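**Q** The structure file entry-v7.cif (mmCIF, C-alpha atoms) is provided below.
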data_coords
loop_
_atom_site.label_atom_id
_atom_site.label_comp_id
_atom_site.auth_asym_id
_atom_site.auth_seq_id
_atom_site.Cartn_x
_atom_site.Cartn_y
_atom_site.Cartn_z
CA MET G 137 139.69 119.58 104.87
CA GLU G 138 142.32 120.94 107.26
CA ASP G 139 143.25 124.57 107.80
CA LEU G 140 146.81 125.53 108.70
CA SER G 141 148.37 128.93 109.28
CA PHE G 142 152.02 129.94 109.62
CA ARG G 143 153.52 133.31 110.49
CA HIS G 144 157.26 133.83 110.09
CA THR G 145 159.61 136.75 110.40
CA ALA G 146 161.33 137.35 107.09
CA ARG G 147 164.92 138.51 106.73
CA HIS G 148 164.36 140.34 103.45
CA ARG G 149 161.51 142.14 101.72
CA ALA G 150 160.31 140.27 98.62
CA ALA G 151 161.72 141.83 95.46
CA GLY G 152 159.59 143.56 92.84
CA SER G 153 156.57 145.84 92.99
CA LYS G 154 153.73 143.59 91.94
CA ASN G 155 150.87 143.44 94.43
CA MET G 156 149.30 140.11 93.55
CA ALA G 157 150.01 136.92 91.64
CA ILE G 158 148.51 133.47 91.34
CA ILE G 159 150.01 130.19 90.18
CA GLY G 160 148.81 126.60 89.96
CA VAL G 161 145.47 124.83 89.83
CA VAL G 162 143.53 122.99 92.53
CA ALA G 163 143.58 119.42 91.29
CA SER G 164 144.67 116.04 92.60
CA GLY G 165 148.35 116.34 93.54
CA ASN G 166 148.39 120.03 92.68
CA LEU G 167 147.66 123.32 94.43
CA GLU G 168 147.12 127.01 93.81
CA VAL G 169 149.10 129.74 95.53
CA LEU G 170 147.67 133.25 95.71
CA VAL G 171 150.29 135.74 96.88
CA GLU G 172 149.55 139.31 97.99
CA ARG G 173 151.92 142.07 99.08
CA ILE G 174 149.89 143.26 102.07
CA LEU G 175 152.14 142.75 105.12
CA PRO G 176 154.96 144.73 106.78
CA ASP G 177 158.33 144.03 105.09
CA GLY G 178 159.56 141.78 107.90
CA GLU G 179 156.60 139.42 107.98
CA CYS G 180 155.43 136.46 105.94
CA VAL G 181 152.14 134.63 106.41
CA ILE G 182 151.13 131.36 104.77
CA GLU G 183 147.56 130.13 105.09
CA ILE G 184 146.66 126.70 103.82
CA LYS G 185 143.44 124.82 103.17
CA THR G 186 144.35 121.26 102.31
CA ALA G 187 142.35 118.21 101.28
CA ALA G 188 145.02 115.91 102.71
CA GLU G 189 144.55 115.83 106.48
CA GLY G 190 147.22 114.97 109.04
CA PHE G 191 150.28 116.39 107.32
CA SER G 192 150.85 119.50 109.44
CA ASP G 193 154.40 118.40 110.35
CA VAL G 194 155.33 118.18 106.66
CA TRP G 195 153.76 121.59 105.96
CA THR G 196 155.64 123.11 108.91
CA ALA G 197 158.93 121.83 107.49
CA VAL G 198 158.19 122.85 103.88
CA VAL G 199 157.09 126.37 104.91
CA ALA G 200 160.10 126.88 107.20
CA ASP G 201 162.44 125.76 104.42
CA PHE G 202 160.75 128.13 101.97
CA VAL G 203 160.94 131.17 104.26
CA ASP G 204 164.58 130.34 104.96
CA ARG G 205 165.55 130.08 101.29
CA HIS G 206 163.55 132.89 99.70
CA ALA G 207 163.09 136.60 100.36
CA ALA G 208 159.36 136.58 101.09
CA GLY G 209 158.97 139.57 103.45
CA GLY G 210 155.70 141.47 103.10
CA LEU G 211 153.92 138.61 101.38
CA LYS G 212 150.80 136.72 102.38
CA PHE G 213 150.40 133.34 100.69
CA SER G 214 146.96 131.74 100.51
CA ILE G 215 146.98 128.12 99.41
CA ASN G 216 144.21 125.82 98.24
CA ASP G 217 145.72 122.36 98.14
CA GLY G 218 144.47 119.24 96.40
CA GLY G 219 147.00 116.97 98.08
CA ALA G 220 150.23 118.10 96.42
CA ARG G 221 153.55 116.49 97.30
CA PRO G 222 156.07 118.61 99.25
CA ASP G 223 158.27 119.18 96.17
CA THR G 224 155.29 120.53 94.23
CA VAL G 225 154.41 122.85 97.12
CA SER G 226 157.99 124.18 97.22
CA LEU G 227 157.94 124.70 93.46
CA ARG G 228 154.65 126.65 93.53
CA LEU G 229 155.82 128.85 96.43
CA ALA G 230 159.04 129.64 94.56
CA GLN G 231 157.05 130.39 91.37
CA ALA G 232 154.78 132.73 93.33
CA VAL G 233 157.72 134.73 94.70
CA ARG G 234 159.23 134.87 91.21
CA LEU G 235 155.97 136.17 89.71
CA MET G 236 155.90 139.04 92.24
CA GLN G 237 159.20 140.26 90.80
CA GLU G 238 157.81 140.81 87.31
CA ASP G 239 157.16 144.37 86.20
CA GLU G 240 153.68 144.00 84.83
CA GLN G 241 151.18 145.29 87.39
CA MET C 206 154.47 119.27 86.47
CA ASN C 207 153.65 122.40 84.55
CA ALA C 208 156.53 124.57 85.68
CA PRO C 209 157.30 125.92 82.17
CA ASP C 210 153.74 127.18 82.05
CA MET C 211 154.60 130.20 84.15
CA GLN C 212 157.17 131.65 81.77
CA ALA C 213 155.64 130.27 78.60
CA THR C 214 155.53 132.67 75.69
CA ASP C 215 154.55 132.60 72.07
CA GLU C 216 158.14 133.15 71.02
CA GLY C 217 160.37 130.16 70.53
CA MET C 218 158.69 126.93 71.44
CA PRO C 219 154.98 126.82 70.63
CA VAL C 220 152.72 126.52 73.67
CA SER C 221 150.16 123.73 73.62
CA TRP C 222 146.60 124.94 74.21
CA TYR C 223 145.73 121.53 75.65
CA GLU C 224 148.54 121.65 78.20
CA ALA C 225 148.16 125.32 79.19
CA THR C 226 146.17 126.54 82.17
CA ALA C 227 143.16 128.80 81.67
CA ARG C 228 145.23 131.80 82.78
CA THR C 229 148.05 131.04 80.38
CA ARG C 230 145.60 130.59 77.50
CA VAL C 231 144.05 134.00 78.18
CA ARG C 232 147.40 135.72 78.58
CA LEU C 233 148.83 134.34 75.33
CA LEU C 234 145.59 134.52 73.32
CA LEU C 235 145.14 138.26 73.85
CA ASP C 236 147.48 141.09 72.89
CA ALA C 237 150.43 141.10 75.30
CA GLY C 238 149.65 142.66 78.65
CA SER C 239 146.13 143.72 77.68
CA PHE C 240 144.10 141.39 79.91
CA ARG C 241 142.21 142.82 82.89
CA GLU C 242 140.30 140.42 85.10
CA PHE C 243 136.84 140.88 86.62
CA VAL C 244 136.24 139.35 90.08
CA GLY C 245 139.84 138.16 90.31
CA PRO C 246 141.15 135.48 92.68
CA GLU C 247 142.08 138.06 95.32
CA MET C 248 138.34 138.66 95.82
CA ARG C 249 137.99 135.02 96.88
CA GLU C 250 134.53 134.54 95.41
CA VAL C 251 134.66 130.81 96.00
CA SER C 252 131.90 128.25 95.74
CA PRO C 253 129.48 128.37 98.69
CA HIS C 254 128.75 124.64 98.29
CA LEU C 255 132.05 122.75 98.17
CA GLN C 256 132.80 123.25 101.87
CA ILE C 257 129.69 121.20 102.73
CA PHE C 258 131.22 118.28 100.83
CA ASP C 259 134.64 118.79 102.43
CA LEU C 260 136.14 119.56 99.03
CA PRO C 261 138.85 122.10 98.22
CA GLU C 262 137.85 125.41 96.66
CA GLN C 263 139.63 127.47 94.02
CA PHE C 264 139.82 131.25 94.41
CA ASP C 265 138.39 131.89 90.92
CA ASP C 266 135.96 128.93 91.11
CA GLY C 267 137.54 127.52 87.96
CA ILE C 268 136.84 130.35 85.52
CA VAL C 269 138.76 133.47 84.55
CA VAL C 270 136.68 136.35 83.15
CA GLY C 271 137.72 139.79 81.97
CA HIS C 272 138.49 141.98 79.00
CA GLY C 273 141.44 142.79 76.81
CA SER C 274 142.34 143.35 73.21
CA LEU C 275 142.80 140.86 70.38
CA GLY C 276 144.50 142.12 67.24
CA GLY C 277 143.90 145.65 68.54
CA SER C 278 140.14 145.21 69.05
CA ARG C 279 138.47 145.05 72.43
CA VAL C 280 137.05 141.67 73.51
CA PHE C 281 135.47 140.10 76.54
CA VAL C 282 136.97 136.75 77.41
CA ALA C 283 136.11 133.82 79.69
CA ALA C 284 138.34 130.79 80.22
CA GLN C 285 137.40 127.63 82.09
CA GLU C 286 140.05 125.74 84.03
CA GLY C 287 139.50 122.12 83.02
CA ARG C 288 141.75 120.74 85.72
CA PHE C 289 139.73 122.18 88.62
CA MET C 290 136.74 119.83 89.05
CA GLY C 291 136.78 119.09 85.33
CA GLY C 292 135.99 122.72 84.50
CA ALA C 293 132.47 122.11 85.73
CA PHE C 294 129.82 124.79 86.09
CA GLY C 295 128.94 125.65 89.68
CA GLU C 296 126.98 128.61 91.02
CA VAL C 297 129.80 131.18 91.14
CA HIS C 298 131.54 129.80 88.03
CA GLY C 299 128.29 130.16 86.09
CA ALA C 300 127.44 133.58 87.51
CA LYS C 301 130.78 134.98 86.36
CA LEU C 302 130.12 133.87 82.78
CA ILE C 303 126.51 135.09 82.86
CA GLY C 304 127.65 138.52 84.07
CA LEU C 305 130.27 138.77 81.35
CA ILE C 306 127.88 137.87 78.52
CA ARG C 307 125.16 140.20 79.85
CA ALA C 308 127.69 143.04 79.99
CA ALA C 309 128.54 142.32 76.34
CA ARG C 310 124.84 142.24 75.50
CA ASP C 311 124.24 145.63 77.16
CA ILE C 312 127.25 147.28 75.52
CA GLY C 313 126.43 145.68 72.18
CA THR C 314 129.69 146.24 70.32
CA ILE C 315 132.30 144.08 72.09
CA PRO C 316 132.48 140.37 71.13
CA VAL C 317 132.85 137.55 73.65
CA LEU C 318 135.36 134.70 73.49
CA ILE C 319 134.53 131.64 75.57
CA LEU C 320 137.45 129.26 76.11
CA PHE C 321 135.47 126.12 76.95
CA ASP C 322 137.10 123.36 79.01
CA THR C 323 134.32 121.59 80.85
CA GLY C 324 132.64 118.29 81.65
CA GLY C 325 129.34 120.10 82.26
CA VAL C 326 127.52 120.82 85.50
CA ARG C 327 129.33 120.35 88.82
CA LEU C 328 127.39 117.56 90.53
CA GLN C 329 127.94 118.95 94.05
CA GLU C 330 125.95 122.05 93.12
CA ALA C 331 123.82 120.58 90.39
CA ASN C 332 120.71 122.75 90.66
CA ALA C 333 122.70 125.98 90.68
CA GLY C 334 124.83 124.66 87.83
CA GLU C 335 121.84 123.63 85.68
CA LEU C 336 120.24 127.04 86.24
CA ALA C 337 123.51 128.69 85.27
CA ILE C 338 123.61 126.72 81.99
CA ALA C 339 120.08 127.84 81.14
CA GLU C 340 120.84 131.47 82.01
CA ILE C 341 124.07 131.42 80.00
CA MET C 342 122.28 130.00 76.94
CA ARG C 343 119.66 132.74 77.21
CA ALA C 344 122.34 135.39 77.69
CA VAL C 345 124.25 134.15 74.63
CA MET C 346 121.14 134.33 72.45
CA GLU C 347 120.25 137.79 73.83
CA ALA C 348 123.78 139.01 73.19
CA ARG C 349 123.75 137.66 69.62
CA THR C 350 120.36 139.28 69.03
CA ALA C 351 121.88 142.56 70.22
CA GLY C 352 124.60 142.17 67.56
CA VAL C 353 127.35 140.67 69.71
CA LYS C 354 129.48 137.84 68.32
CA VAL C 355 130.07 134.99 70.77
CA ILE C 356 132.96 132.77 69.69
CA GLY C 357 133.80 129.46 71.36
CA LEU C 358 137.35 128.05 71.42
CA ILE C 359 137.59 124.36 72.30
CA GLY C 360 140.77 122.36 72.80
CA GLY C 361 141.18 121.63 76.51
CA ARG C 362 141.59 118.51 78.61
CA ALA C 363 137.97 118.28 79.68
CA GLY C 364 136.66 118.91 76.15
CA CYS C 365 133.26 120.59 76.00
CA TYR C 366 130.54 118.35 77.43
CA GLY C 367 127.18 118.49 79.14
CA GLY C 368 125.77 121.99 79.46
CA GLY C 369 129.02 123.28 77.95
CA GLY C 370 128.11 121.46 74.73
CA LEU C 371 124.68 123.11 74.80
CA ILE C 372 126.18 126.59 75.27
CA ALA C 373 128.68 125.90 72.48
CA GLY C 374 125.74 125.08 70.23
CA CYS C 375 124.35 128.58 70.92
CA CYS C 376 127.56 130.39 69.94
CA SER C 377 128.03 132.40 66.72
CA ALA C 378 130.99 130.23 65.72
CA LEU C 379 133.31 127.60 67.15
CA ALA C 380 136.95 126.73 66.61
CA VAL C 381 138.16 123.32 67.71
CA SER C 382 141.43 121.43 67.81
CA GLU C 383 141.85 117.68 67.46
CA GLN C 384 141.98 117.36 71.25
CA GLY C 385 138.80 119.38 71.74
CA ARG C 386 135.80 117.10 71.98
CA ILE C 387 132.29 118.53 71.70
CA ALA C 388 129.20 116.62 72.83
CA VAL C 389 126.50 116.68 75.48
CA SER C 390 126.59 113.20 77.06
CA GLY C 391 130.11 111.88 77.51
CA PRO C 392 131.20 108.40 76.40
CA GLU C 393 130.73 106.74 79.81
CA VAL C 394 127.32 108.35 80.27
CA ILE C 395 126.07 107.05 76.94
CA GLU C 396 127.39 103.57 77.62
CA THR C 397 125.83 103.50 81.10
CA ASN C 398 122.44 104.54 79.78
CA ARG C 399 122.29 102.80 76.40
CA GLY C 400 124.65 99.86 76.70
CA VAL C 401 128.04 98.95 75.31
CA GLU C 402 126.60 98.03 71.90
CA GLU C 403 125.37 101.59 71.49
CA PHE C 404 128.64 103.17 72.61
CA ASP C 405 131.82 101.48 73.80
CA SER C 406 133.49 104.14 75.94
CA ARG C 407 136.69 102.10 76.21
CA ASP C 408 137.20 102.22 72.45
CA ARG C 409 139.17 105.45 72.52
CA ALA C 410 139.62 105.65 68.75
CA PHE C 411 135.84 105.40 68.39
CA VAL C 412 135.29 108.08 71.04
CA TRP C 413 137.71 110.48 69.34
CA ARG C 414 136.34 110.01 65.84
CA THR C 415 132.79 110.48 67.12
CA MET C 416 133.27 113.48 69.41
CA GLY C 417 136.68 114.85 68.43
CA GLY C 418 137.47 118.09 66.66
CA LYS C 419 138.03 116.66 63.19
CA HIS C 420 134.57 115.09 63.05
CA ARG C 421 132.94 118.25 64.41
CA ARG C 422 134.65 120.30 61.71
CA LEU C 423 133.61 117.92 58.91
CA LEU C 424 130.02 117.72 60.18
CA GLY C 425 129.79 121.52 60.30
CA GLY C 426 129.36 121.68 64.08
CA ALA C 427 132.55 123.71 64.32
CA GLU C 428 133.34 126.46 61.79
CA ALA C 429 137.09 126.09 62.06
CA PHE C 430 139.73 123.50 62.90
CA THR C 431 143.04 124.54 64.38
CA ASP C 432 146.30 123.01 65.44
CA ASP C 433 146.88 122.68 69.19
CA THR C 434 148.97 125.80 69.81
CA VAL C 435 148.02 129.02 71.54
CA SER C 436 149.19 131.06 68.54
CA ASP C 437 147.02 129.00 66.16
CA PHE C 438 144.02 129.55 68.42
CA ARG C 439 144.80 133.27 68.46
CA ALA C 440 144.93 133.42 64.66
CA ILE C 441 141.70 131.45 64.26
CA ALA C 442 139.89 133.64 66.84
CA ILE C 443 140.90 136.79 64.97
CA GLY C 444 139.73 135.18 61.73
CA LEU C 445 136.36 134.12 63.14
CA LEU C 446 135.72 137.54 64.66
CA ALA C 447 136.22 139.04 61.20
CA SER C 448 134.28 136.44 59.19
CA THR C 449 131.28 135.66 61.41
CA PRO C 450 128.20 137.47 60.09
CA SER C 451 125.47 139.14 62.10
CA PHE C 452 122.60 137.13 63.55
CA GLY C 453 118.89 137.14 62.76
CA ILE C 454 115.86 134.99 62.03
CA ASP C 455 117.30 134.10 58.61
CA THR C 456 120.37 132.65 60.32
CA LEU C 457 118.19 130.46 62.50
CA LYS C 458 116.14 129.26 59.53
CA ALA C 459 119.29 128.45 57.60
CA GLU C 460 120.66 126.56 60.62
CA GLN C 461 117.43 124.56 60.86
CA SER C 462 117.71 123.63 57.16
CA ARG C 463 121.37 122.72 57.58
CA LEU C 464 120.57 120.37 60.46
CA MET C 465 117.63 118.80 58.59
CA GLU C 466 119.80 118.18 55.55
CA ARG C 467 122.47 116.70 57.77
CA ILE C 468 120.16 114.16 59.37
CA GLN C 469 118.77 113.24 55.94
CA GLN C 470 122.22 112.82 54.47
CA PHE C 471 123.93 111.00 57.33
CA GLY C 472 121.19 109.81 59.71
CA SER C 473 121.38 106.17 58.64
CA LEU C 474 125.18 105.95 58.96
CA SER C 475 126.52 104.42 62.15
CA ASP C 476 130.17 105.46 62.21
CA ALA C 477 132.07 108.69 61.58
CA VAL C 478 134.19 106.99 58.91
CA ASP C 479 131.02 106.24 56.91
CA ILE C 480 130.04 109.90 57.16
CA TRP C 481 133.48 111.07 55.99
CA THR C 482 133.24 108.68 53.04
CA ALA C 483 129.78 110.03 52.21
CA LEU C 484 131.25 113.54 52.37
CA GLY C 485 133.70 112.53 49.65
CA VAL C 486 136.88 111.98 51.65
CA PRO C 487 139.04 109.79 49.38
CA ASP C 488 140.58 107.66 52.16
CA ALA C 489 138.36 108.21 55.19
CA ASP C 490 140.36 105.87 57.42
CA SER C 491 143.34 108.22 57.14
CA ILE C 492 141.56 111.14 58.83
CA PRO C 493 142.35 110.36 62.50
CA ALA C 494 146.13 110.18 61.90
CA MET C 495 146.27 113.10 59.46
CA PRO C 496 148.43 116.09 60.54
CA ALA C 497 146.49 119.29 61.30
CA ASP C 498 147.68 121.32 58.29
CA GLN C 499 146.75 118.55 55.83
CA PHE C 500 143.39 118.09 57.52
CA ILE C 501 142.61 121.82 57.41
CA SER C 502 143.20 122.01 53.66
CA LEU C 503 141.23 118.80 53.07
CA ALA C 504 138.32 120.08 55.20
CA ASN C 505 138.36 123.37 53.32
CA THR C 506 138.08 121.64 49.95
CA LEU C 507 135.26 119.38 51.19
CA ARG C 508 133.27 121.71 53.26
CA ARG C 509 133.76 125.41 53.50
CA ALA C 510 132.29 126.72 56.74
CA SER C 511 128.81 127.75 55.77
CA HIS C 512 128.13 131.21 57.08
CA ASP C 513 124.49 131.46 56.19
CA ALA C 514 123.68 129.11 59.09
CA ARG C 515 123.88 129.15 62.92
#
Would you kindly transcribe this structure into structure tokens?
**A**
Amino acid sequence: MEDLSFRHTARHRAAGSKNMAIIGVVASGNLEVLVERILPDGECVIEIKTAAEGFSDVWTAVVADFVDRHAAGGLKFSINDGGARPDTVSLRLAQAVRLMQEDEQ
Amino acid sequence: MNAPDMQATDEGMPVSWYEATARTRVRLLLDAGSFREFVGPEMREVSPHLQIFDLPEQFDDGIVVGHGSLGGSRVFVAAQEGRFMGGAFGEVHGAKLIGLIRAARDIGTIPVLILFDTGGVRLQEANAGELAIAEIMRAVMEARTAGVKVIGLIGGRAGCYGGGGLIAGCCSALAVSEQGRIAVSGPEVIETNRGVEEFDSRDRAFVWRTMGGKHRRLLGGAEAFTDDTVSDFRAIAIGLLASTPSFGIDTLKAEQSRLMERIQQFGSLSDAVDIWTALGVPDADSIPAMPADQFISLANTLRRASHDAR
């Protein structure tokens, strides 16, 4: 297992009022993303525990791309990864942000 | 992947129970917006054992437990995630289910729905998992004795195997879909231990007609058969909650007689098709390919779920 942690400044606060959401399952080629609204509006933290070691460069790129393309300010993402491909990671992160915009508490 | 899962609803396209995650099953099974989770993922009650094996954890340890309402009535619900380690029972996973059933036992008036999706005990934490199975079985029987109905719903990827099959056998009633398999030892386990002549695990048609939902329904192991949609599972759960009678020593005696009669009637037969023929199915070979609605009406004419037993 490898632990990675990224902290970015976010341009925009994540939309919605939900405090927590979870998406995905820890399985081969899949991952779960737990997202919590617990940070100041201008910050975004992504913590990863991954079964696939040695891919920190890919994670750095995927996370930077995500923070650049989505309003994720105030959110902390905690990821348990079973060796998902980068496109799956991007999809789950986008789903997590989307879920935080729903009304249901 | 399962992107549509996130926005899946009952309206429009039916949602497959088999394809859905544990969380989606719970959300769509219960009345909209009514689910409240106990020990949710944000509490990070992960397995204390998997780290030793350098294996990834899941924040809910592969089971979602909580309460909500179903058809306006309050229920406790537990859903196993079959895709995380095959839905297997570990220490935390088991403890969450034990706690839920004991709460139901103590309250005495709220039924429990268990959405099984499991290969059995998680081998990396086998002792804790085996203990959990035993404690869950005891809790189920205590809850039923206290007047609580415990209903199992089975139709997931992992089926319901190992200790999960034992717990299912303790439930007040079971509903199963074609995809839901119920057994204790899985096909490969039987073949490894008893040889290919006893059980050929690569013969998938044989596996499905021996352990699959249709056979379990016809044998009386499952009270109800349902099509593989979340809304069908919801309807069948509401029906079973209404129709399942209370539990007592008479129920156990009737169950014992039912099982004795079953072994007398079918014990010498070596294939499910022979059993279906003995049950009076006109063209037994047609059962595996039969659509769910046709099978349900056929099963109901052959064998009404017997509610004096279990």
**Q** Can you pull out every residue within 10 Å of region 386-400 of chain C, counting all atoms listed in the file, but drop anything in the same chain fewer than 4 positions away, and send it as a ChimeraX atom specification?
**A** /C:321-325,359-374,381-382,404-409,411-421,426-427
**Q** Select, as a list in words, those residues of chain C with any atom no more than 7 Å from chain G (distances computed using all atoms listed in the file).
**A**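 Close to chain G, chain C has Asp259, Leu260, Pro261, Glu262, Gln263, Arg288 and Phe289 of chain C.
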**Q** With distances taken over all atoms listed in the file, which of G:Ala230, G:Pro222, G:Ser192, G:Leu211 is nearest to Ala150 (chain G)?
**A**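 Smallest distance to Ala150 (chain G) is found for G:Leu211.
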**Q** Using only C-alpha atoms, determine which residues lie at most 12 Å from Val231 (chain C), disregarding the query and same-chain residues fewer than 3 positions distant; provide the list as a VMD selection string.
**A** chain C and resid 214 222 225 to 228 234 to 242 268 to 275 280 to 286 318 to 321 358 435 to 436 438 to 439
**Q** For those residues, write C-alpha atoms to a file as a PDB file, in the coordinates of the input.
**A**
ATOM      1  CA  THR C 214     155.530 132.670  75.690  1.00  0.00           C
ATOM      2  CA  TRP C 222     146.600 124.940  74.210  1.00  0.00           C
ATOM      3  CA  ALA C 225     148.160 125.320  79.190  1.00  0.00           C
ATOM      4  CA  THR C 226     146.170 126.540  82.170  1.00  0.00           C
ATOM      5  CA  ALA C 227     143.160 128.800  81.670  1.00  0.00           C
ATOM      6  CA  ARG C 228     145.230 131.800  82.780  1.00  0.00           C
ATOM      7  CA  LEU C 234     145.590 134.520  73.320  1.00  0.00           C
ATOM      8  CA  LEU C 235     145.140 138.260  73.850  1.00  0.00           C
ATOM      9  CA  ASP C 236     147.480 141.090  72.890  1.00  0.00           C
ATOM     10  CA  ALA C 237     150.430 141.100  75.300  1.00  0.00           C
ATOM     11  CA  GLY C 238     149.650 142.660  78.650  1.00  0.00           C
ATOM     12  CA  SER C 239     146.130 143.720  77.680  1.00  0.00           C
ATOM     13  CA  PHE C 240     144.100 141.390  79.910  1.00  0.00           C
ATOM     14  CA  ARG C 241     142.210 142.820  82.890  1.00  0.00           C
ATOM     15  CA  GLU C 242     140.300 140.420  85.100  1.00  0.00           C
ATOM     16  CA  ILE C 268     136.840 130.350  85.520  1.00  0.00           C
ATOM     17  CA  VAL C 269     138.760 133.470  84.550  1.00  0.00           C
ATOM     18  CA  VAL C 270     136.680 136.350  83.150  1.00  0.00           C
ATOM     19  CA  GLY C 271     137.720 139.790  81.970  1.00  0.00           C
ATOM     20  CA  HIS C 272     138.490 141.980  79.000  1.00  0.00           C
ATOM     21  CA  GLY C 273     141.440 142.790  76.810  1.00  0.00           C
ATOM     22  CA  SER C 274     142.340 143.350  73.210  1.00  0.00           C
ATOM     23  CA  LEU C 275     142.800 140.860  70.380  1.00  0.00           C
ATOM     24  CA  VAL C 280     137.050 141.670  73.510  1.00  0.00           C
ATOM     25  CA  PHE C 281     135.470 140.100  76.540  1.00  0.00           C
ATOM     26  CA  VAL C 282     136.970 136.750  77.410  1.00  0.00           C
ATOM     27  CA  ALA C 283     136.110 133.820  79.690  1.00  0.00           C
ATOM     28  CA  ALA C 284     138.340 130.790  80.220  1.00  0.00           C
ATOM     29  CA  GLN C 285     137.400 127.630  82.090  1.00  0.00           C
ATOM     30  CA  GLU C 286     140.050 125.740  84.030  1.00  0.00           C
ATOM     31  CA  LEU C 318     135.360 134.700  73.490  1.00  0.00           C
ATOM     32  CA  ILE C 319     134.530 131.640  75.570  1.00  0.00           C
ATOM     33  CA  LEU C 320     137.450 129.260  76.110  1.00  0.00           C
ATOM     34  CA  PHE C 321     135.470 126.120  76.950  1.00  0.00           C
ATOM     35  CA  LEU C 358     137.350 128.050  71.420  1.00  0.00           C
ATOM     36  CA  VAL C 435     148.020 129.020  71.540  1.00  0.00           C
ATOM     37  CA  SER C 436     149.190 131.060  68.540  1.00  0.00           C
ATOM     38  CA  PHE C 438     144.020 129.550  68.420  1.00  0.00           C
ATOM     39  CA  ARG C 439     144.800 133.270  68.460  1.00  0.00           C
TER      40      ARG C 439
END
**Q** Would you list the contacts of Arg173 (chain G) as a list in words, taking every protein, DNA or RNA residue within 12 Å and counting all atoms listed in the file, but skipping same-chain residues closer than 4 positions in sequence?
**A**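 Using all atoms listed in the file, the neighbours found are Arg149, Ala150, Ala151, Gly152, Ser153, Lys154, Asn155, Met156, Ala157, Asp177, Gly178, Glu179, Cys180, Val181, Ala208, Gly209, Gly210, Leu211, Lys212, Phe213, Ser214, Ala232, Val233, Leu235, Met236 and Gln237 of chain G; Glu247 of chain C.
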**Q** Would you work out the distance separating CA of Ser462 (chain C) from CA of Gly425 (chain C), expressed in Å to one decimal?
**A**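 Computed distance, CA of Ser462 (chain C) to CA of Gly425 (chain C), equals 12.7 Å.
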**Q** List the residues selected by the PyMOL selection byres ((chain C and resi 491) around 12) in the file shown, writing them as a ChimeraX atom specification.
**A** /C:414,419,478,481-482,486-490,492-496,499-500,503
**Q** Work out how far apart CA of Ala300 (chain C) and CA of Thr350 (chain C) are and give it in Å to one decimal.
**A**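 So the answer is 20.6 Å.
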**Q** Could you tell me which residues the PyMOL selection byres ((chain C and resi 221) around 6) grabs in this file, written as JSON, numbers by chain?
**A** {"C": [220, 222, 223, 224, 433, 434]}
**Q** Can you spell out as a short mmCIF file (atom, residue, chain, number, x, y, z; two decimals) with C-alpha atoms, in the coordinates of the input the set of residues that the PyMOL selection byres ((chain C and resi 355) around 12) selects in the structure I just provided?
**A**
data_model
loop_
_atom_site.label_atom_id
_atom_site.label_comp_id
_atom_site.auth_asym_id
_atom_site.auth_seq_id
_atom_site.Cartn_x
_atom_site.Cartn_y
_atom_site.Cartn_z
CA VAL C 280 137.05 141.67 73.51
CA PHE C 281 135.47 140.10 76.54
CA VAL C 282 136.97 136.75 77.41
CA ALA C 283 136.11 133.82 79.69
CA LEU C 305 130.27 138.77 81.35
CA ILE C 306 127.88 137.87 78.52
CA ARG C 307 125.16 140.20 79.85
CA ALA C 309 128.54 142.32 76.34
CA ARG C 310 124.84 142.24 75.50
CA GLY C 313 126.43 145.68 72.18
CA THR C 314 129.69 146.24 70.32
CA ILE C 315 132.30 144.08 72.09
CA PRO C 316 132.48 140.37 71.13
CA VAL C 317 132.85 137.55 73.65
CA LEU C 318 135.36 134.70 73.49
CA ILE C 319 134.53 131.64 75.57
CA LEU C 320 137.45 129.26 76.11
CA ILE C 341 124.07 131.42 80.00
CA MET C 342 122.28 130.00 76.94
CA ALA C 344 122.34 135.39 77.69
CA VAL C 345 124.25 134.15 74.63
CA MET C 346 121.14 134.33 72.45
CA GLU C 347 120.25 137.79 73.83
CA ALA C 348 123.78 139.01 73.19
CA ARG C 349 123.75 137.66 69.62
CA THR C 350 120.36 139.28 69.03
CA ALA C 351 121.88 142.56 70.22
CA GLY C 352 124.60 142.17 67.56
CA VAL C 353 127.35 140.67 69.71
CA LYS C 354 129.48 137.84 68.32
CA ILE C 356 132.96 132.77 69.69
CA GLY C 357 133.80 129.46 71.36
CA LEU C 358 137.35 128.05 71.42
CA ILE C 372 126.18 126.59 75.27
CA ALA C 373 128.68 125.90 72.48
CA GLY C 374 125.74 125.08 70.23
CA CYS C 375 124.35 128.58 70.92
CA CYS C 376 127.56 130.39 69.94
CA SER C 377 128.03 132.40 66.72
CA ALA C 378 130.99 130.23 65.72
CA LEU C 379 133.31 127.60 67.15
CA ALA C 380 136.95 126.73 66.61
CA ALA C 442 139.89 133.64 66.84
CA LEU C 445 136.36 134.12 63.14
CA LEU C 446 135.72 137.54 64.66
CA THR C 449 131.28 135.66 61.41
CA PRO C 450 128.20 137.47 60.09
CA SER C 451 125.47 139.14 62.10
CA PHE C 452 122.60 137.13 63.55
CA ARG C 515 123.88 129.15 62.92
#
**Q** Can you work out which one of C:Ile480, C:Ala514, C:Gln384, C:Gly334 has the shortest atom-to-atom distance to Leu464 (chain C), counting only C-alpha atoms?
**A**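 Closest residue, counting only C-alpha atoms: C:Ala514.
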**Q** Hey, which of C:Leu233, C:Ala447, C:Asn332, C:Leu507 ends up closest to Ser278 (chain C)? Count only C-alpha atoms.
**A**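 Comparing C:Leu233, C:Ala447, C:Asn332, C:Leu507 against Ser278 (chain C), the winner is C:Ala447.
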**Q** What is the CA of Pro246 (chain C) to CA of Asp223 (chain G) distance in Å?
**A** 23.9 Å
